[in-house]
Amino acid sequence: MSTEPTDPTQAFLDRWADIAALERASAVLGWDQETCMPPAGQASRGRTLSALAGLHHEKLTDPSLAELVEQAGAVAERGSAAHAQVREAQRCIRRATAVPGELARRVAETQSRSLASWQQARRDDDFSVFAPDLTEMVSLTREVADALVAAGVAARPYDALLDDYEPGMTEQDVAPVLASLRDRLSPLVQAVADSGVVVDEGVAHGTFPGPAQEAFAREVAVALGYDFAAGRLDESAHPFSTGFGPGDVRITWRWLDDDFRSGLFGVMHETGHALYEQGLPAAWDGTPIGGAVSLGVHESQSRLFENLVGRSRGFWEWALPRFHEAFPASGDVSPDALWPALHTTRPSLVRVEADEATYNLHIVARFEIERRLFAGDVDVHELPELWDATYDELLGVHAPTPADGVLQDIHWSMGAFGYFPTYTLGNLLSAQLFAAAERDLGQLEPQFARGEFGPLLGWLRTHVHEHASRYPAPELIERATGAPLAADDWLAYITRTVADVYGVTV
Ligand code: ZN
């Protein structure tokens, strides 16, 4: 047997490097699966990933690791990075050990079955095909949540689920923030519909050849600070970003031939995620605090670059000459003519196609439904009706078929309850960070107009990226912006934008 360092902190970090390596191996295989694996590789890939997950779980729940972490905790100075390493390691170990192996196996089995029946239900446009597996998924997820509560991970079942994606955040923190969005956004969206204003989106339509779109998107990503020596851009059915340490952070995209917005904003979104990962400190790579702190903070980076940078007039003053060069057939468009087409507001049925203003109402709907499901107020078979009623109330739209309604998202089929709120937390935080950055750096749009994106990235590096998971997300947010997460900055931004495009205020 190899000898371990006598310093318990070093000893546990050495072990953690192996655990991180297993996570990375799975992530590389996941990237490969989405971008270039032949379809016939599916079954074998599933077995490989499952074996890696088993090894990962075994190493993470090894009692001798917990002992080492405890010894490290006894000598770590409060407030030090070593202390944060112990806190994060204990959080991960506690979550992994709280769920009995037998339950974890049942969850994994049900996940793959439930994913398949969800896909079938979408094809058949029939919720009843999915309902039995979803019922089991809900019941197993509740068992997992109860086990996590029993282990002291969280006080309440829904908090235990949320904690997996947004550590430190509770239903009690999230509910009032989402309620304030609901109160402000529903009337705003209604006022837009009543205004009768129709935005001319013709400027965003045309013929945009894939290779030209890719070249333009790459130029933009590089200007924002994405390092292609530590990254790649590939094609996939659903755009995503994935990182295997700060030196290898990859993004994917897809595009439409007749509308440049989908491809470009997708790349800017994933670039925001990737800039965060490329900015994580190399010294903490492969340690418990070395990764991104939460999904909400991750999404704040993507939304900031996609929306607050990418849809700003300043950005387009810089980008339009390059855009015209990339797409000579696009005609001469001015930033002012283009701007409204980047900020249309229209109630829609499908979350992933929703605009900035209505997107968070889609999340409010899911949050309210999930809470009721886990509070035991509604049964799975009542979901289609509840879905339609909630959409009627929040957005005034009604899905003609379940495929565009209750069946549209993959998350519940995988048991990912408590995930949706992180999208909205990210949206809100993007505006809060942008406002804080402007307090330090002055107005950013004139800088964007000159092609200067470095100061903003530098600010994010110093206030967000370089801290990785050293501080829990709520503390990181307060340190970076001087206040806890709130909806105010984002609401001010969206109200200003909607007033500008539609001439309405509420
Ligand atoms: Zn994202």
# chains A, B, ... in the order shown; residues from 1 in each chain; ligands from 1

call {"tool": "select_by_dssp", "arguments": {"residues": "region 214-338 of chain A", "states": "strand (DSSP E or B)", "output": "ChimeraX atom specification"}}
result
/A:231-235,241-243,249-253,259

call {"tool": "residues_near_ligand", "arguments": {"ligand": "ligand 1", "cutoff": "9 Å", "atoms": "only C-alpha atoms and all ligand atoms", "output": "ChimeraX atom specification"}}
result
/A:239-241,269-270,272-273,295,298-303,423,426

call {"tool": "closest_residue", "arguments": {"among": "A:Leu320, A:Ala53, A:Leu68, A:Val189", "to": "Ala108 (chain A)", "atoms": "only C-alpha atoms"}}
result
A:Ala53

call {"tool": "closest_atom_pairs", "arguments": {"of": "region 80-156 of chain A", "to": "region 162-179 of chain A", "cutoff": "10 Å", "atoms": "only C-alpha atoms", "output": "tab-separated table"}}
result
residue	atom	partner	partner_atom	distance
A:Arg91	CA	A:Pro167	CA	9.2
A:Cys92	CA	A:Asp164	CA	9.4
A:Arg95	CA	A:Asp164	CA	8.4
A:Ala145	CA	A:Leu162	CA	9.8
A:Leu148	CA	A:Asp163	CA	10.0
A:Val153	CA	A:Asp163	CA	8.2
A:Ala154	CA	A:Asp163	CA	7.5
A:Ala155	CA	A:Thr170	CA	8.9
A:Arg156	CA	A:Thr170	CA	8.7

call {"tool": "write_last_selection", "arguments": {"atoms": "N, CA, C and O atoms", "output": "PDB file, in the first residue's frame"}}
result
ATOM      1  N   ARG A  91     -19.558  18.442   2.752  1.00  0.00           N
ATOM      2  CA  ARG A  91     -20.859  18.590   2.116  1.00  0.00           C
ATOM      3  C   ARG A  91     -21.060  17.484   1.061  1.00  0.00           C
ATOM      4  O   ARG A  91     -22.093  16.824   1.024  1.00  0.00           O
ATOM      5  N   CYS A  92     -20.044  17.285   0.238  1.00  0.00           N
ATOM      6  CA  CYS A  92     -20.148  16.265  -0.812  1.00  0.00           C
ATOM      7  C   CYS A  92     -20.259  14.866  -0.208  1.00  0.00           C
ATOM      8  O   CYS A  92     -21.060  14.043  -0.658  1.00  0.00           O
ATOM      9  N   ARG A  95     -23.699  14.274   1.404  1.00  0.00           N
ATOM     10  CA  ARG A  95     -24.740  14.018   0.396  1.00  0.00           C
ATOM     11  C   ARG A  95     -24.618  12.607  -0.168  1.00  0.00           C
ATOM     12  O   ARG A  95     -25.606  11.916  -0.383  1.00  0.00           O
ATOM     13  N   ALA A 145     -34.805  12.801  -0.763  1.00  0.00           N
ATOM     14  CA  ALA A 145     -34.860  14.064  -0.024  1.00  0.00           C
ATOM     15  C   ALA A 145     -35.014  13.802   1.472  1.00  0.00           C
ATOM     16  O   ALA A 145     -34.356  14.443   2.291  1.00  0.00           O
ATOM     17  N   LEU A 148     -31.757  12.761   2.898  1.00  0.00           N
ATOM     18  CA  LEU A 148     -30.844  13.895   3.034  1.00  0.00           C
ATOM     19  C   LEU A 148     -31.221  14.751   4.244  1.00  0.00           C
ATOM     20  O   LEU A 148     -30.349  15.238   4.966  1.00  0.00           O
ATOM     21  N   VAL A 153     -28.487  17.289   5.892  1.00  0.00           N
ATOM     22  CA  VAL A 153     -28.049  18.085   4.739  1.00  0.00           C
ATOM     23  C   VAL A 153     -28.910  19.341   4.591  1.00  0.00           C
ATOM     24  O   VAL A 153     -28.428  20.409   4.210  1.00  0.00           O
ATOM     25  N   ALA A 154     -30.195  19.212   4.879  1.00  0.00           N
ATOM     26  CA  ALA A 154     -31.120  20.343   4.771  1.00  0.00           C
ATOM     27  C   ALA A 154     -32.253  20.131   5.755  1.00  0.00           C
ATOM     28  O   ALA A 154     -32.445  19.024   6.265  1.00  0.00           O
ATOM     29  N   ALA A 155     -33.007  21.209   6.006  1.00  0.00           N
ATOM     30  CA  ALA A 155     -34.068  21.123   7.006  1.00  0.00           C
ATOM     31  C   ALA A 155     -35.347  20.528   6.439  1.00  0.00           C
ATOM     32  O   ALA A 155     -36.102  19.872   7.143  1.00  0.00           O
ATOM     33  N   ARG A 156     -35.616  20.770   5.124  1.00  0.00           N
ATOM     34  CA  ARG A 156     -36.867  20.321   4.522  1.00  0.00           C
ATOM     35  C   ARG A 156     -36.599  19.629   3.198  1.00  0.00           C
ATOM     36  O   ARG A 156     -35.606  19.938   2.523  1.00  0.00           O
TER      37      ARG A 156
END

call {"tool": "residues_around", "arguments": {"residues": "region 277-281 of chain A", "least_positions_apart": "6", "cutoff": "10 Å", "atoms": "only C-alpha atoms", "output": "PyMOL selection string"}}
result
chain A and resi 225-227+230-231+241-250+271+289-292+298+457-458+460-462+464-469

call {"tool": "closest_residue", "arguments": {"among": "A:Tyr471, A:Phe417, A:Phe127, A:Trp31", "to": "Thr401 (chain A)", "atoms": "only C-alpha atoms"}}
result
A:Phe127

call {"tool": "closest_residue", "arguments": {"among": "A:Pro100, A:Pro347, A:Gly415, A:Gly54", "to": "Asp133 (chain A)", "atoms": "only C-alpha atoms"}}
result
A:Gly415
